[in-house]
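Working notes, structure below.
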Amino acid sequence: MIRLNAAADGAVRWRAALSTLTLLCLLVGPWSARAQEPLWEAGIGVAGLSFPDYRGSSERRNWLLPYPYLIYRGEKVEVEEGRMRGIFYRGDRVELDVSLNGSVPVDSDENEARRGMPDLDATLEIGPVMNVLLLRSEDHRTRLRLRLPVRAAIASDFSYARHVGWLMQPHLSLEVRDPLGHAGWKASLLAGALFADNRYHRYFYEVQPAFATATRPAYSPGGGYAGLQGIAALSKRYRRFWVGGFLKWDSVQGAVFEDSPLVKDKHGLSAGVSIAWILGESKTRVPPSR
């Protein structure tokens, strides 16, 4: 565990939520379809989000939060679509990059299933991902990739940080530029399974004996299969701003923690819309992303 300088509890949890939700917004990601694109772009955006407290929760929260808009299209490294591409290796069909994800903090007093238990801190998930290009149209407008991320999860409320497990999320990612002839738009579809170790599952779904009740028995999950996810996203880059939205379907049916008393809904939906204003961009232009 790494101890950091402590701050007021409310402000700390707000910053943790803001940081994690910003990350989730960026996972939807800006994307451009112009013939020549700026080397870098910068701006600020705002996102409206709605999602369950955690996977398997029957309670949800709505958020309206700002986030930074940053794009860099270097020859060796790209920061775009909510991820860093080509940071380790970049070939014609295989890339080794960095994968990011996260979860928001949960105040257990505001969640019926967790009431009386310790709060859940925000998590940051980070690790390598191998991207394998399976199919690509001749005009490069349609791409199908197999993505194989492995991430370590770090929980923090900005007064401390600790490792809470590992997870894998192999999935297929389909990207379509100018779908159905609508120039400038990008549609994305993602679907795959999740797997995690017992430490990660215990962080979210364990009920220690000290917190067991008549309706919430003690429970400790193992590692393994953690369910399915599917995401559909749509976005467009205009001259001075970017708009986007996503819809995510989540299932924990059949997961190794399915019987946890903290799992109240085996299927959940998350959604978000966002707009970003581009405040500056480089004069240098580069070819479109591959």
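Scheme for the structure tokens: letters A, B, ... for chains in order shown; per-chain residue numbers from 1; ligand numbers from 1 in order shown.
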DSSP-assigned helix (DSSP H, G or I) members of stretch 34-267 of chain A, reported as a ChimeraX atom specification: /A:108-110,112-114,179-181,198-205,209-211
Neighbour list for A:Arg147 as a list in words, cut-off 10 Å, only C-alpha atoms, skip fewer than 5 positions in-chain: Val94, Glu95, Leu96, Ser99, Val129, Met130, Asn131, Val132, Leu133, Gln169, Pro170, His171, Leu172, Ser173, Leu190 and Gly192 of chain A
Spatial neighbours of A:Glu281, max dist 10 Å, only C-alpha atoms, sep filter under 4 positions, as an MDAnalysis selection string: chainID A and resid 37:43 70:72 240 285
Long-range neighbours of stretch 86-93 of chain A as a ChimeraX atom specification, 10 Å cut-off, only C-alpha atoms, 6 positions minimum in chain: /A:74-79,128-136,145,290
Selection: 12 Å around A:Arg115, only C-alpha atoms, excl. self and same-chain fewer than 3 positions, as a ChimeraX atom specification: /A:106-112,118-120,207,211-213,215-216,262
Restricting it to N, CA and C atoms, dump the selection as a short mmCIF file (atom, residue, chain, number, x, y, z; two decimals), in the first residue's frame.
```cif
data_model
loop_
_atom_site.label_atom_id
_atom_site.label_comp_id
_atom_site.auth_asym_id
_atom_site.auth_seq_id
_atom_site.Cartn_x
_atom_site.Cartn_y
_atom_site.Cartn_z
N VAL A 106 -17.98 3.97 -4.54
CA VAL A 106 -19.34 3.70 -4.08
C VAL A 106 -19.42 3.98 -2.59
N ASP A 107 -20.33 4.85 -2.21
CA ASP A 107 -20.63 5.11 -0.80
C ASP A 107 -21.59 4.03 -0.33
N SER A 108 -21.12 3.13 0.52
CA SER A 108 -21.94 1.98 0.93
C SER A 108 -23.21 2.39 1.65
N ASP A 109 -23.21 3.54 2.30
CA ASP A 109 -24.43 4.01 2.97
C ASP A 109 -25.53 4.37 1.98
N GLU A 110 -25.16 4.59 0.72
CA GLU A 110 -26.14 4.94 -0.31
C GLU A 110 -26.50 3.76 -1.20
N ASN A 111 -25.99 2.56 -0.85
CA ASN A 111 -26.29 1.36 -1.62
C ASN A 111 -26.86 0.32 -0.65
N GLU A 112 -28.11 -0.07 -0.88
CA GLU A 112 -28.82 -0.93 0.05
C GLU A 112 -28.08 -2.25 0.28
N PRO A 118 -17.65 -1.43 4.30
CA PRO A 118 -16.71 -0.38 3.88
C PRO A 118 -17.06 0.14 2.48
N ASP A 119 -16.78 1.41 2.23
CA ASP A 119 -16.99 1.98 0.91
C ASP A 119 -16.07 1.34 -0.12
N LEU A 120 -16.48 1.40 -1.37
CA LEU A 120 -15.62 0.98 -2.48
C LEU A 120 -14.92 2.22 -3.02
N VAL A 207 -18.25 -10.64 1.24
CA VAL A 207 -18.90 -10.19 2.48
C VAL A 207 -18.16 -10.86 3.63
N PHE A 211 -19.38 -8.30 8.59
CA PHE A 211 -20.41 -7.48 7.95
C PHE A 211 -21.61 -8.31 7.49
N ALA A 212 -21.65 -9.59 7.89
CA ALA A 212 -22.76 -10.45 7.53
C ALA A 212 -24.00 -10.09 8.35
N THR A 213 -25.17 -10.24 7.73
CA THR A 213 -26.44 -10.01 8.40
C THR A 213 -27.37 -11.18 8.08
N THR A 215 -29.82 -11.15 6.13
CA THR A 215 -30.14 -11.13 4.69
C THR A 215 -28.90 -11.02 3.81
N ARG A 216 -27.73 -10.93 4.44
CA ARG A 216 -26.48 -10.80 3.70
C ARG A 216 -25.44 -11.73 4.33
N LEU A 262 -24.21 -9.54 -2.77
CA LEU A 262 -24.08 -8.18 -3.28
C LEU A 262 -24.52 -8.07 -4.74
#
```
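Taking only C-alpha atoms into account, A:Ile278 lies nearest to A:Ile44 out of the set A:Thr123, A:Pro217, A:Ala232, A:Ile44.
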Long-range neighbours of A:Ile275 as a VMD selection string, 12 Å cut-off, only C-alpha atoms, 6 positions minimum in chain: chain A and resid 25 to 26 28 to 30 43 to 48 64 to 69 235 to 238 240 to 245
I need the residues from that last selection saved to file as an mmCIF file, in the first residue's frame (with C-alpha atoms), if you can.
```
data_model
loop_
_atom_site.group_PDB
_atom_site.id
_atom_site.type_symbol
_atom_site.label_atom_id
_atom_site.label_comp_id
_atom_site.auth_asym_id
_atom_site.auth_seq_id
_atom_site.Cartn_x
_atom_site.Cartn_y
_atom_site.Cartn_z
ATOM 1 C CA CYS A 25 -15.571 9.049 -21.036
ATOM 2 C CA LEU A 26 -12.313 8.754 -22.929
ATOM 3 C CA VAL A 28 -15.692 6.146 -25.912
ATOM 4 C CA GLY A 29 -13.017 8.304 -27.463
ATOM 5 C CA PRO A 30 -12.723 11.049 -30.085
ATOM 6 C CA GLY A 43 -9.795 20.989 -25.569
ATOM 7 C CA ILE A 44 -12.333 20.353 -22.848
ATOM 8 C CA GLY A 45 -15.550 18.406 -22.757
ATOM 9 C CA VAL A 46 -18.504 17.537 -20.576
ATOM 10 C CA ALA A 47 -20.188 14.141 -20.251
ATOM 11 C CA GLY A 48 -23.492 12.929 -18.903
ATOM 12 C CA LEU A 64 -22.462 15.313 -15.231
ATOM 13 C CA LEU A 65 -18.720 15.899 -15.318
ATOM 14 C CA PRO A 66 -16.009 17.727 -17.294
ATOM 15 C CA TYR A 67 -13.080 15.908 -18.880
ATOM 16 C CA PRO A 68 -9.961 16.800 -20.883
ATOM 17 C CA TYR A 69 -9.885 16.282 -24.647
ATOM 18 C CA SER A 235 -19.230 9.730 -32.563
ATOM 19 C CA LYS A 236 -18.447 12.561 -34.980
ATOM 20 C CA ARG A 237 -15.704 15.187 -35.151
ATOM 21 C CA TYR A 238 -16.875 18.577 -36.386
ATOM 22 C CA ARG A 240 -14.581 22.952 -33.594
ATOM 23 C CA PHE A 241 -16.235 20.294 -31.462
ATOM 24 C CA TRP A 242 -16.736 16.551 -31.072
ATOM 25 C CA VAL A 243 -19.893 14.675 -30.024
ATOM 26 C CA GLY A 244 -20.302 11.075 -29.001
ATOM 27 C CA GLY A 245 -22.357 8.575 -27.074
#
```
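Minimum atom-to-atom distances from A:Ala233, A:Val176, A:Ala196, A:Val263 to A:Arg141 were compared using only C-alpha atoms, and the lowest value belongs to A:Val176.
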Nearest-residue call for A:Ile126, choices A:Asn198, A:Asn101, A:Thr142, A:Gln253, using only C-alpha atoms: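 That would be A:Asn101, the residue with the smallest distance to A:Ile126.
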Write out as an mmCIF file with C-alpha atoms, in the first residue's frame all residues of stretch 151-217 of chain A that DSSP puts in strand (DSSP E or B) for this structure's backbone.
```
data_model
loop_
_atom_site.group_PDB
_atom_site.id
_atom_site.type_symbol
_atom_site.label_atom_id
_atom_site.label_comp_id
_atom_site.auth_asym_id
_atom_site.auth_seq_id
_atom_site.Cartn_x
_atom_site.Cartn_y
_atom_site.Cartn_z
ATOM 1 C CA ARG A 151 -4.758 -5.136 -16.475
ATOM 2 C CA ALA A 152 -3.777 -4.602 -12.859
ATOM 3 C CA ALA A 153 -6.429 -2.889 -10.727
ATOM 4 C CA ILE A 154 -5.374 -0.130 -8.310
ATOM 5 C CA ALA A 155 -7.905 1.135 -5.741
ATOM 6 C CA SER A 156 -7.486 4.639 -4.352
ATOM 7 C CA TYR A 160 -3.742 5.915 -0.463
ATOM 8 C CA ALA A 161 -3.384 3.390 -3.292
ATOM 9 C CA ARG A 162 -3.345 -0.415 -3.219
ATOM 10 C CA HIS A 163 -3.320 -3.259 -5.703
ATOM 11 C CA VAL A 164 -6.627 -5.167 -5.680
ATOM 12 C CA GLY A 165 -6.129 -7.814 -8.347
ATOM 13 C CA TRP A 166 -5.766 -8.678 -12.021
ATOM 14 C CA LEU A 167 -8.242 -9.071 -14.847
ATOM 15 C CA MET A 168 -8.342 -10.048 -18.521
ATOM 16 C CA HIS A 171 -12.890 -9.133 -26.991
ATOM 17 C CA LEU A 172 -13.616 -8.323 -30.610
ATOM 18 C CA SER A 173 -13.710 -4.678 -31.700
ATOM 19 C CA LEU A 174 -15.410 -3.570 -34.923
ATOM 20 C CA GLU A 175 -14.858 0.014 -36.143
ATOM 21 C CA VAL A 176 -16.772 1.478 -39.093
ATOM 22 C CA ARG A 177 -15.994 4.893 -40.575
ATOM 23 C CA TRP A 185 -19.316 9.561 -38.258
ATOM 24 C CA LYS A 186 -17.696 6.573 -36.599
ATOM 25 C CA ALA A 187 -19.542 3.536 -35.228
ATOM 26 C CA SER A 188 -17.885 1.043 -32.903
ATOM 27 C CA LEU A 189 -19.032 -2.320 -31.565
ATOM 28 C CA LEU A 190 -17.192 -4.265 -28.883
ATOM 29 C CA ALA A 191 -18.060 -7.624 -27.328
ATOM 30 C CA GLY A 192 -16.199 -10.074 -25.136
ATOM 31 C CA ALA A 193 -15.808 -11.916 -21.837
ATOM 32 C CA LEU A 194 -14.132 -10.901 -18.594
ATOM 33 C CA PHE A 195 -11.922 -12.964 -16.291
ATOM 34 C CA ALA A 196 -10.326 -11.900 -12.995
ATOM 35 C CA VAL A 207 -18.897 -10.187 2.476
#
```
Nearest to A:Leu234, chosen from A:Ala214, A:Ala271, A:Leu49, A:Val256, with only C-alpha atoms counted in the distances: A:Ala271
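Residues in contact range of A:Asp250, defined as at most 8 Å between only C-alpha atoms, with sequence neighbours fewer than 3 positions away removed, read Arg55, Gly227, Leu228, Gln229, Gly230, His267, Gly268 and Leu269 of chain A.
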Option closest in space to A:Val273, from A:Gly102, A:Gly223, A:Glu206, A:Phe246 [counting only C-alpha atoms]: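 Checking each of A:Gly102, A:Gly223, A:Glu206, A:Phe246 against A:Val273, counting only C-alpha atoms, the winner is A:Phe246.
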Nearest to A:His201 by atom-to-atom distance, counting only C-alpha atoms, from A:Leu146, A:Ala113, A:Leu180, A:Val252: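 Selected residue with least distance to A:His201: A:Val252.
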